[in-house]
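Student: This is the content of coords_29.csv (CSV, C-alpha atoms):
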```
chain,number,residue,atom,x,y,z
X,218,MET,CA,-63.3,155.8,-55.7
X,219,SER,CA,-61.8,157.0,-58.9
X,220,MET,CA,-58.9,155.6,-60.8
X,221,GLN,CA,-56.4,157.1,-63.2
X,222,GLU,CA,-53.8,155.5,-65.4
X,223,SER,CA,-51.3,158.2,-64.5
X,224,SER,CA,-49.8,155.8,-62.0
X,225,GLY,CA,-48.7,153.7,-65.0
X,226,VAL,CA,-51.0,150.8,-64.0
X,227,ALA,CA,-53.8,150.0,-66.4
X,228,LEU,CA,-57.3,150.6,-65.0
X,229,TRP,CA,-58.3,147.0,-65.3
X,230,ARG,CA,-55.3,146.0,-63.2
X,231,GLN,CA,-56.2,148.5,-60.6
X,232,VAL,CA,-59.7,147.1,-60.4
X,233,ALA,CA,-58.4,143.6,-60.2
X,234,ASP,CA,-56.0,144.5,-57.4
X,235,GLY,CA,-58.8,146.2,-55.5
X,236,ILE,CA,-61.0,143.1,-55.8
X,237,GLU,CA,-58.1,140.9,-54.8
X,238,ARG,CA,-57.5,143.0,-51.7
X,239,GLY,CA,-61.2,142.6,-50.9
X,240,ILE,CA,-60.8,138.8,-51.1
X,241,ALA,CA,-57.7,138.9,-48.9
X,242,ASP,CA,-59.3,141.0,-46.2
X,243,GLY,CA,-62.6,139.1,-46.1
X,244,ARG,CA,-64.9,141.7,-47.7
X,245,PHE,CA,-65.5,139.1,-50.4
X,246,PRO,CA,-65.6,135.7,-48.6
X,247,ALA,CA,-64.8,132.5,-50.3
X,248,GLY,CA,-67.8,131.0,-52.1
X,249,GLU,CA,-69.7,134.3,-52.0
X,250,LYS,CA,-71.0,136.2,-55.1
X,251,LEU,CA,-69.2,139.3,-56.1
X,252,PRO,CA,-71.1,142.5,-56.7
X,253,GLY,CA,-72.4,142.8,-60.3
X,254,GLU,CA,-70.4,144.4,-63.1
X,255,MET,CA,-72.4,147.6,-62.9
X,256,GLU,CA,-71.9,148.0,-59.2
X,257,ILE,CA,-68.2,147.4,-59.5
X,258,ALA,CA,-67.9,149.8,-62.4
X,259,GLU,CA,-69.7,152.5,-60.4
X,260,THR,CA,-67.5,151.8,-57.3
X,261,TYR,CA,-64.2,152.2,-59.3
X,262,ARG,CA,-65.6,154.8,-61.8
X,263,VAL,CA,-64.7,152.7,-64.8
X,264,ASN,CA,-66.7,151.2,-67.7
X,265,ARG,CA,-68.0,147.7,-67.7
X,266,HIS,CA,-65.4,146.5,-70.3
X,267,THR,CA,-62.7,147.4,-67.8
X,268,VAL,CA,-64.5,145.4,-65.1
X,269,ARG,CA,-64.9,142.4,-67.4
X,270,ARG,CA,-61.2,142.4,-68.1
X,271,ALA,CA,-60.3,142.7,-64.4
X,272,ILE,CA,-62.6,139.7,-63.6
X,273,ALA,CA,-61.2,137.7,-66.5
X,274,ALA,CA,-57.7,138.2,-65.1
X,275,LEU,CA,-58.8,137.1,-61.6
X,276,ALA,CA,-60.5,134.1,-63.1
X,277,GLU,CA,-57.3,133.1,-65.0
X,278,ARG,CA,-55.5,133.1,-61.7
X,279,GLY,CA,-58.2,130.9,-60.1
X,280,LEU,CA,-59.4,133.6,-57.6
X,281,VAL,CA,-62.9,133.9,-58.9
X,282,ARG,CA,-65.3,131.8,-61.0
X,283,ALA,CA,-68.0,133.1,-63.4
X,284,GLU,CA,-71.1,130.9,-63.5
X,285,ARG,CA,-73.3,131.3,-66.6
X,286,GLY,CA,-76.5,133.2,-65.8
X,287,SER,CA,-75.7,133.5,-62.1
X,288,GLY,CA,-72.7,135.8,-61.5
X,289,THR,CA,-69.1,135.7,-60.4
X,290,TYR,CA,-68.1,133.9,-57.2
X,291,VAL,CA,-65.0,134.0,-55.1
X,292,GLU,CA,-63.2,130.7,-55.4
X,293,ALA,CA,-62.6,128.7,-52.2
X,294,GLN,CA,-59.1,127.7,-51.2
X,295,ARG,CA,-57.9,124.5,-52.7
X,296,LEU,CA,-59.7,121.5,-51.2
X,297,ALA,CA,-57.2,119.2,-49.4
X,298,TYR,CA,-58.0,115.8,-50.8
X,299,PRO,CA,-56.3,112.8,-49.1
X,300,LEU,CA,-55.7,109.7,-51.2
X,301,ARG,CA,-55.8,106.8,-48.9
X,302,SER,CA,-57.0,103.2,-48.8
X,303,ARG,CA,-60.5,104.3,-47.9
X,304,THR,CA,-61.1,107.4,-50.0
X,305,ARG,CA,-64.7,108.8,-49.8
X,306,PHE,CA,-65.6,112.0,-51.6
X,307,SER,CA,-68.5,112.9,-49.2
X,308,GLU,CA,-66.3,112.4,-46.1
X,309,ILE,CA,-63.4,114.4,-47.5
X,310,VAL,CA,-65.6,117.3,-48.6
X,311,GLY,CA,-67.7,117.3,-45.4
X,312,ALA,CA,-64.5,117.3,-43.2
X,313,GLY,CA,-63.5,120.5,-45.0
X,314,GLY,CA,-66.7,122.2,-43.9
X,315,HIS,CA,-68.4,121.9,-47.3
X,316,GLU,CA,-71.6,120.3,-48.5
X,317,PRO,CA,-70.8,117.3,-50.8
X,318,ARG,CA,-73.1,117.0,-53.8
X,319,GLY,CA,-73.3,114.6,-56.6
X,320,GLN,CA,-75.1,115.0,-59.9
X,321,LEU,CA,-75.8,112.2,-62.4
X,322,ILE,CA,-74.8,113.4,-65.9
X,323,GLU,CA,-75.5,110.1,-67.7
X,324,ALA,CA,-75.8,106.4,-67.1
X,325,GLY,CA,-75.9,103.7,-69.7
X,326,ASP,CA,-74.8,100.2,-70.7
X,327,ASP,CA,-71.3,99.4,-71.8
X,328,ILE,CA,-69.2,96.4,-72.7
X,329,ALA,CA,-65.9,95.5,-71.0
X,330,THR,CA,-62.9,96.1,-73.1
X,331,ARG,CA,-59.9,93.9,-72.4
X,332,GLU,CA,-58.5,96.5,-70.1
X,333,LEU,CA,-61.7,97.0,-68.1
X,334,ALA,CA,-62.3,93.3,-67.9
X,335,GLN,CA,-58.9,92.7,-66.5
X,336,VAL,CA,-59.3,95.4,-63.9
X,337,LEU,CA,-62.8,94.3,-62.9
X,338,GLY,CA,-62.0,90.6,-63.0
X,339,LEU,CA,-64.5,89.9,-65.7
X,340,LYS,CA,-64.5,88.4,-69.2
X,341,THR,CA,-63.9,90.7,-72.2
X,342,GLY,CA,-67.3,91.7,-73.5
X,343,ALA,CA,-69.0,91.3,-70.2
X,344,PRO,CA,-71.9,93.8,-69.7
X,345,LEU,CA,-71.1,96.9,-67.7
X,346,ILE,CA,-72.9,99.9,-66.4
X,347,ARG,CA,-71.2,103.2,-67.0
X,348,ILE,CA,-72.0,106.2,-64.8
X,349,GLU,CA,-70.9,109.8,-65.6
X,350,ALA,CA,-71.2,112.1,-62.6
X,351,LEU,CA,-70.3,115.6,-61.5
X,352,ARG,CA,-69.1,116.0,-57.9
X,353,LEU,CA,-69.3,119.4,-56.2
X,354,ALA,CA,-68.3,121.0,-52.9
X,355,ASP,CA,-71.1,123.5,-52.1
X,356,ARG,CA,-71.6,125.2,-55.5
X,357,THR,CA,-68.1,124.5,-56.8
X,358,PRO,CA,-67.5,121.7,-59.3
X,359,ILE,CA,-64.6,119.6,-58.2
X,360,CYS,CA,-64.5,116.6,-60.5
X,361,VAL,CA,-66.2,114.7,-63.3
X,362,SER,CA,-66.0,111.0,-63.0
X,363,THR,CA,-66.6,108.0,-65.2
X,364,THR,CA,-67.3,104.8,-63.2
X,365,TRP,CA,-67.7,101.3,-64.6
X,366,LEU,CA,-69.5,98.5,-62.7
X,367,SER,CA,-70.6,94.9,-63.5
X,368,ALA,CA,-74.1,95.0,-64.8
X,369,GLU,CA,-74.7,91.5,-63.4
X,370,ARG,CA,-73.6,92.3,-59.9
X,371,PHE,CA,-75.1,95.9,-59.8
X,372,PRO,CA,-78.3,95.8,-61.9
X,373,ASP,CA,-80.0,99.1,-62.4
X,374,ALA,CA,-77.0,100.9,-60.8
X,375,GLY,CA,-77.6,104.1,-62.9
X,376,SER,CA,-81.0,104.6,-61.4
X,377,VAL,CA,-79.8,103.9,-57.9
X,378,PHE,CA,-77.0,106.5,-58.3
X,379,ALA,CA,-79.5,109.0,-59.7
X,380,ASN,CA,-81.6,108.6,-56.5
X,381,LEU,CA,-78.7,108.4,-54.0
X,382,ARG,CA,-76.1,110.6,-55.7
X,383,SER,CA,-73.3,108.8,-53.9
X,384,MET,CA,-71.1,105.9,-54.8
X,385,THR,CA,-70.7,104.9,-51.2
X,386,LYS,CA,-74.5,104.8,-50.8
X,387,LEU,CA,-74.9,103.0,-54.0
X,388,LEU,CA,-72.6,100.2,-52.9
X,389,ALA,CA,-74.3,100.1,-49.5
X,390,HIS,CA,-77.6,99.6,-51.4
X,391,TYR,CA,-76.2,96.4,-52.8
X,392,GLY,CA,-75.0,95.3,-49.4
X,393,ILE,CA,-71.4,96.4,-49.6
X,394,ARG,CA,-70.7,98.6,-46.6
X,395,ASP,CA,-66.9,98.4,-46.6
X,396,TYR,CA,-64.5,98.7,-49.5
X,397,ARG,CA,-61.0,100.0,-50.1
X,398,ARG,CA,-58.9,101.5,-52.8
X,399,SER,CA,-56.6,98.9,-54.3
X,400,THR,CA,-54.9,101.1,-57.0
X,401,THR,CA,-54.6,104.8,-57.8
X,402,ARG,CA,-52.8,106.4,-60.7
X,403,ILE,CA,-52.5,110.2,-61.2
X,404,THR,CA,-51.7,111.9,-64.4
X,405,ALA,CA,-52.1,115.5,-65.7
X,406,ALA,CA,-54.1,116.6,-68.7
X,407,ILE,CA,-55.8,119.5,-70.3
X,408,ALA,CA,-59.6,119.5,-69.9
X,409,ASP,CA,-61.5,118.7,-73.1
X,410,ALA,CA,-64.4,120.9,-74.1
X,411,SER,CA,-67.0,118.7,-72.4
X,412,ASP,CA,-65.1,118.5,-69.0
X,413,ALA,CA,-64.2,122.2,-69.1
X,414,ALA,CA,-67.9,123.1,-69.5
X,415,ARG,CA,-69.0,120.7,-66.7
X,416,LEU,CA,-66.2,121.9,-64.3
X,417,ASP,CA,-66.8,125.5,-65.3
X,418,LEU,CA,-63.2,125.9,-66.5
X,419,ALA,CA,-61.7,128.0,-69.3
X,420,LEU,CA,-60.6,125.9,-72.2
X,421,GLY,CA,-56.9,124.9,-71.8
X,422,ARG,CA,-57.1,124.7,-68.0
X,423,PRO,CA,-55.4,121.6,-66.4
X,424,VAL,CA,-57.1,118.7,-64.8
X,425,LEU,CA,-55.7,116.0,-62.6
X,426,VAL,CA,-56.8,112.6,-63.9
X,427,VAL,CA,-57.2,109.9,-61.2
X,428,ASP,CA,-57.6,106.3,-62.3
X,429,ALA,CA,-58.7,104.1,-59.4
X,430,THR,CA,-60.1,100.7,-58.6
X,431,ASP,CA,-62.0,99.8,-55.4
X,432,VAL,CA,-62.3,96.3,-54.0
X,433,ASP,CA,-64.4,94.6,-51.3
X,434,PRO,CA,-62.9,93.1,-48.1
X,435,ALA,CA,-62.3,89.9,-50.1
X,436,ASP,CA,-60.2,91.9,-52.6
X,437,LYS,CA,-62.8,91.3,-55.3
X,438,PRO,CA,-63.0,94.4,-57.7
X,439,LEU,CA,-66.2,96.4,-57.3
X,440,VAL,CA,-65.8,99.5,-59.5
X,441,THR,CA,-63.1,101.2,-61.5
X,442,LYS,CA,-63.3,104.9,-62.3
X,443,ARG,CA,-61.5,107.7,-64.1
X,444,SER,CA,-62.0,111.1,-62.4
X,445,ARG,CA,-60.9,114.5,-63.8
X,446,PHE,CA,-60.3,117.0,-61.0
X,447,ALA,CA,-60.0,120.8,-61.6
X,448,ALA,CA,-56.3,121.2,-60.8
X,449,GLU,CA,-56.8,124.7,-59.4
X,450,ARG,CA,-59.4,123.6,-56.8
X,451,VAL,CA,-57.7,120.6,-55.2
X,452,GLU,CA,-54.5,119.5,-53.7
X,453,PHE,CA,-53.9,115.8,-53.3
X,454,LEU,CA,-52.4,114.5,-50.0
X,455,VAL,CA,-51.0,111.0,-50.4
X,456,GLU,CA,-51.2,109.1,-47.1
X,457,ASN,CA,-49.5,105.8,-46.3
X,458,SER,CA,-52.3,104.4,-44.2
```
Could you rewrite the structure in this file as structure tokens?

Tutor:
Amino acid sequence: MSMQESSGVALWRQVADGIERGIADGRFPAGEKLPGEMEIAETYRVNRHTVRRAIAALAERGLVRAERGSGTYVEAQRLAYPLRSRTRFSEIVGAGGHEPRGQLIEAGDDIATRELAQVLGLKTGAPLIRIEALRLADRTPICVSTTWLSAERFPDAGSVFANLRSMTKLLAHYGIRDYRRSTTRITAAIADASDAARLDLALGRPVLVVDATDVDPADKPLVTKRSRFAAERVEFLVENS
């Protein structure tokens, strides 16, 4: 397949359109790795610089995702993410036919600010455990979350999460097998450098920030968290039940 600019369409755009058609007709399935730059360049009879520009344009539109040292992958369709009284990441991702994964980024001690103390029903200055985690659907990063828990009620929670890689399983470890979402607040922001790197986003890409608190059946606060979702990979569904 050879390409010429005589049509008035730049070569990189023609390559991008060709790859996009391949995504649309299933030749490049969602989640799969694209051929390498050299192979694409040979297929379209262009140089690698042209291929890189085409892939960059597709990445800007959220159609593909470049993973450092691994290659370029076709982005999956946006994950439908219901926000309900019992929101469970693993269940939502699994219901969509994907494998939920959790990775501990960092866990450490913290102190309850006035705001955190009020949300968690603790005294200002009470000891907390802060857990930073990355959540993925298959290979795709979905969100980065910061979770705070009472260090007194959940001792060694960081190590437990590192082993279980699930907040639901962590709470079950401490005997809490049922909990519900009491509050949810959603705002929009631009990913900072740290979150952009972890979510594999270009700098300047938007994230959806979800501040939420979960309570036990007696309405006692358990955890409060701030999650930053890659806006181009999820769509929130607000449910009344």

Student: X:Thr341, X:Ser399, X:Ser362, X:Asn380: which is nearest Pro434 of chain X, counting only C-alpha atoms?

Tutor: X:Ser399

Student: Within 10 Å of segment 404-407 of chain X, counting all atoms listed in the file, which residues show up once you throw out same-chain ones fewer than 5 positions away? Write them as JSON, numbers by chain, please.

Tutor: {"X": [412, 413, 420, 421, 422, 423, 424, 425, 426, 427, 428, 445, 446, 447, 448]}

Student: Atoms to include: C-alpha atoms. Write the selected residues as a PDB file, in the coordinates of the input.

Tutor:
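Written output follows (again.pdb):
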```
ATOM      1  CA  ASP X 412     -65.100 118.500 -69.000  1.00  0.00           C
ATOM      2  CA  ALA X 413     -64.200 122.200 -69.100  1.00  0.00           C
ATOM      3  CA  LEU X 420     -60.600 125.900 -72.200  1.00  0.00           C
ATOM      4  CA  GLY X 421     -56.900 124.900 -71.800  1.00  0.00           C
ATOM      5  CA  ARG X 422     -57.100 124.700 -68.000  1.00  0.00           C
ATOM      6  CA  PRO X 423     -55.400 121.600 -66.400  1.00  0.00           C
ATOM      7  CA  VAL X 424     -57.100 118.700 -64.800  1.00  0.00           C
ATOM      8  CA  LEU X 425     -55.700 116.000 -62.600  1.00  0.00           C
ATOM      9  CA  VAL X 426     -56.800 112.600 -63.900  1.00  0.00           C
ATOM     10  CA  VAL X 427     -57.200 109.900 -61.200  1.00  0.00           C
ATOM     11  CA  ASP X 428     -57.600 106.300 -62.300  1.00  0.00           C
ATOM     12  CA  ARG X 445     -60.900 114.500 -63.800  1.00  0.00           C
ATOM     13  CA  PHE X 446     -60.300 117.000 -61.000  1.00  0.00           C
ATOM     14  CA  ALA X 447     -60.000 120.800 -61.600  1.00  0.00           C
ATOM     15  CA  ALA X 448     -56.300 121.200 -60.800  1.00  0.00           C
TER      16      ALA X 448
END
```

Student: Per residue of segment 353-443 of chain X within 9 Å of segment 264-282 of chain X, note the shortest atom pair and the distance in Å to one decimal, counting only C-alpha atoms, and order the rows by chain and increasing residue number, as JSON lines.

Tutor:
```
{"residue": "X:Thr357", "atom": "CA", "partner": "X:Arg282", "partner_atom": "CA", "distance": 8.9}
{"residue": "X:Asp417", "atom": "CA", "partner": "X:Arg282", "partner_atom": "CA", "distance": 7.8}
{"residue": "X:Leu418", "atom": "CA", "partner": "X:Arg282", "partner_atom": "CA", "distance": 8.3}
{"residue": "X:Ala419", "atom": "CA", "partner": "X:Glu277", "partner_atom": "CA", "distance": 8.0}
{"residue": "X:Arg422", "atom": "CA", "partner": "X:Glu277", "partner_atom": "CA", "distance": 8.9}
```

Student: Write the selection just made, keeping C-alpha atoms, as an mmCIF file, keeping the file's coordinate frame?

Tutor:
```cif
data_model
loop_
_atom_site.group_PDB
_atom_site.id
_atom_site.type_symbol
_atom_site.label_atom_id
_atom_site.label_comp_id
_atom_site.auth_asym_id
_atom_site.auth_seq_id
_atom_site.Cartn_x
_atom_site.Cartn_y
_atom_site.Cartn_z
ATOM 1 C CA THR X 357 -68.100 124.500 -56.800
ATOM 2 C CA ASP X 417 -66.800 125.500 -65.300
ATOM 3 C CA LEU X 418 -63.200 125.900 -66.500
ATOM 4 C CA ALA X 419 -61.700 128.000 -69.300
ATOM 5 C CA ARG X 422 -57.100 124.700 -68.000
#
```

Student: With distances taken over all atoms listed in the file, which residue among X:Val455, X:Leu337, X:Leu381, X:Ala410 lies nearest Val440 of chain X?

Tutor: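 Among X:Val455, X:Leu337, X:Leu381, X:Ala410, it is X:Leu337 that comes nearest to Val440 of chain X.
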
Student: In Å, with one decimal, what is the gap from atom CA of Gly392 of chain X to atom CA of Ala312 of chain X?

Tutor: 25.2 Å

Student: Please, which residues in segment 346-436 of chain X fall within 12 Å of segment 236-251 of chain X when counting only C-alpha atoms, and what is the closest atom pair and distance in Å to one decimal for each, ordered by chain then residue number, as JSON lines?

Tutor:
```
{"residue": "X:Ala354", "atom": "CA", "partner": "X:Gly248", "partner_atom": "CA", "distance": 10.0}
{"residue": "X:Asp355", "atom": "CA", "partner": "X:Gly248", "partner_atom": "CA", "distance": 8.2}
{"residue": "X:Arg356", "atom": "CA", "partner": "X:Gly248", "partner_atom": "CA", "distance": 7.7}
{"residue": "X:Thr357", "atom": "CA", "partner": "X:Gly248", "partner_atom": "CA", "distance": 8.0}
{"residue": "X:Pro358", "atom": "CA", "partner": "X:Gly248", "partner_atom": "CA", "distance": 11.8}
```

Student: Which residue is closest to Leu345 of chain X? Choose from X:Glu369, X:Cys360, X:Arg331, X:Ala414 and count only C-alpha atoms.

Tutor: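 Among the listed residues, X:Glu369 lies closest to Leu345 of chain X.
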
Student: Which is closer to Leu296 of chain X than all the others in X:Trp365, X:Tyr391, X:Phe453, X:Phe371, using only C-alpha atoms?

Tutor: X:Phe453

Student: Kindly indicate which residue among X:Gln320, X:Thr364, X:Ile403, X:Tyr261 lies nearest to Lys442 of chain X, using all atoms listed in the file for the distances.

Tutor: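 Nearest candidate to Lys442 of chain X out of X:Gln320, X:Thr364, X:Ile403, X:Tyr261: X:Thr364.
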
Student: What is the atom CA of Leu300 of chain X to atom CA of Ile348 of chain X distance in Å?

Tutor: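 Atom CA of Ile348 of chain X lies 21.5 Å from atom CA of Leu300 of chain X.
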
Student: Ranking X:Ala389, X:Val310, X:Ala429, X:Leu439 by minimum distance to Ser367 of chain X and counting all atoms listed in the file, which one comes first?

Tutor: X:Leu439

Student: Just the number, please: distance in Å from atom CA of Gly235 of chain X to atom CA of Val263 of chain X, one decimal.

Tutor: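 Pair atom CA of Gly235 of chain X / atom CA of Val263 of chain X returns 12.8 Å.
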
Student: Enclose all atoms of segment 329-341 of chain X listed in the file in an axis-aligned box, grow every side by 4 Å, and hand back centre and edge lengths in Å to one decimal, as AutoDock Vina command-line options.

Tutor:
```
--center_x -62.2 --center_y 92.7 --center_z -68.0 --size_x 15.4 --size_y 16.6 --size_z 18.2
```

Student: Need the shell around Met384 of chain X: protein/DNA/RNA residues with any atom at most 9 Å away, counting only C-alpha atoms. Skip same-chain ones fewer than 5 positions apart. Format as JSON, numbers by chain?

Tutor: {"X": [305, 306, 378, 389]}

Student: Reconstruct segment 258-268 of chain X at the level of all heavy atoms, and format the result as a tab-separated table (two decimals), in the coordinates of the input.

Tutor:
```tsv
chain	number	residue	atom	x	y	z
X	258	ALA	N	-68.30	148.73	-61.55
X	258	ALA	CA	-67.90	149.80	-62.40
X	258	ALA	C	-68.22	151.18	-61.75
X	258	ALA	O	-67.40	152.12	-61.84
X	258	ALA	CB	-68.72	149.74	-63.74
X	259	GLU	N	-69.34	151.28	-61.05
X	259	GLU	CA	-69.70	152.50	-60.40
X	259	GLU	C	-68.72	152.77	-59.18
X	259	GLU	O	-68.31	153.91	-58.92
X	259	GLU	CB	-71.11	152.48	-59.87
X	259	GLU	CG	-72.14	152.53	-61.00
X	259	GLU	CD	-73.56	152.38	-60.49
X	259	GLU	OE1	-73.73	152.10	-59.27
X	259	GLU	OE2	-74.49	152.53	-61.30
X	260	THR	N	-68.36	151.69	-58.47
X	260	THR	CA	-67.50	151.80	-57.30
X	260	THR	C	-66.11	152.37	-57.76
X	260	THR	O	-65.54	153.27	-57.12
X	260	THR	CB	-67.28	150.47	-56.63
X	260	THR	OG1	-68.54	150.04	-56.11
X	260	THR	CG2	-66.28	150.57	-55.48
X	261	TYR	N	-65.58	151.83	-58.86
X	261	TYR	CA	-64.20	152.20	-59.30
X	261	TYR	C	-64.27	153.31	-60.39
X	261	TYR	O	-63.21	153.74	-60.86
X	261	TYR	CB	-63.49	150.99	-59.81
X	261	TYR	CG	-63.13	150.01	-58.71
X	261	TYR	CD1	-63.92	148.90	-58.46
X	261	TYR	CD2	-62.01	150.22	-57.91
X	261	TYR	CE1	-63.60	148.00	-57.45
X	261	TYR	CE2	-61.69	149.33	-56.89
X	261	TYR	CZ	-62.49	148.23	-56.67
X	261	TYR	OH	-62.18	147.35	-55.65
X	262	ARG	N	-65.47	153.73	-60.78
X	262	ARG	CA	-65.60	154.80	-61.80
X	262	ARG	C	-64.91	154.42	-63.09
X	262	ARG	O	-64.10	155.19	-63.62
X	262	ARG	CB	-65.16	156.12	-61.26
X	262	ARG	CG	-65.95	156.58	-60.03
X	262	ARG	CD	-65.53	157.95	-59.57
X	262	ARG	NE	-66.21	158.30	-58.32
X	262	ARG	CZ	-66.00	159.43	-57.64
X	262	ARG	NH1	-65.13	160.33	-58.12
X	262	ARG	NH2	-66.64	159.67	-56.51
X	263	VAL	N	-65.22	153.21	-63.55
X	263	VAL	CA	-64.70	152.70	-64.80
X	263	VAL	C	-65.84	152.16	-65.63
X	263	VAL	O	-66.97	152.06	-65.13
X	263	VAL	CB	-63.60	151.63	-64.60
X	263	VAL	CG1	-62.40	152.20	-63.85
X	263	VAL	CG2	-64.19	150.43	-63.84
X	264	ASN	N	-65.58	151.79	-66.88
X	264	ASN	CA	-66.70	151.20	-67.70
X	264	ASN	C	-66.71	149.68	-67.47
X	264	ASN	O	-65.81	149.07	-66.89
X	264	ASN	CB	-66.49	151.54	-69.16
X	264	ASN	CG	-65.18	151.04	-69.74
X	264	ASN	OD1	-64.76	149.92	-69.47
X	264	ASN	ND2	-64.52	151.87	-70.55
X	265	ARG	N	-67.78	149.08	-67.95
X	265	ARG	CA	-68.00	147.70	-67.70
X	265	ARG	C	-66.98	146.79	-68.44
X	265	ARG	O	-66.65	145.69	-67.99
X	265	ARG	CB	-69.42	147.27	-68.09
X	265	ARG	CG	-70.47	147.93	-67.20
X	265	ARG	CD	-71.88	147.57	-67.59
X	265	ARG	NE	-72.19	146.18	-67.31
X	265	ARG	CZ	-73.39	145.64	-67.50
X	265	ARG	NH1	-74.38	146.40	-67.96
X	265	ARG	NH2	-73.62	144.37	-67.23
X	266	HIS	N	-66.48	147.28	-69.58
X	266	HIS	CA	-65.40	146.50	-70.30
X	266	HIS	C	-64.20	146.38	-69.41
X	266	HIS	O	-63.58	145.30	-69.38
X	266	HIS	CB	-65.08	147.24	-71.60
X	266	HIS	CG	-63.95	146.58	-72.34
X	266	HIS	ND1	-64.10	145.41	-73.04
X	266	HIS	CD2	-62.63	146.94	-72.45
X	266	HIS	CE1	-62.94	145.07	-73.57
X	266	HIS	NE2	-62.04	145.98	-73.23
X	267	THR	N	-63.84	147.44	-68.70
X	267	THR	CA	-62.70	147.40	-67.80
X	267	THR	C	-62.94	146.38	-66.67
X	267	THR	O	-62.05	145.61	-66.30
X	267	THR	CB	-62.42	148.78	-67.20
X	267	THR	OG1	-62.11	149.68	-68.26
X	267	THR	CG2	-61.27	148.74	-66.20
X	268	VAL	N	-64.16	146.36	-66.15
X	268	VAL	CA	-64.50	145.40	-65.10
X	268	VAL	C	-64.41	143.97	-65.61
X	268	VAL	O	-63.86	143.10	-64.93
X	268	VAL	CB	-65.93	145.69	-64.55
X	268	VAL	CG1	-66.35	144.60	-63.56
X	268	VAL	CG2	-65.98	147.05	-63.88
```
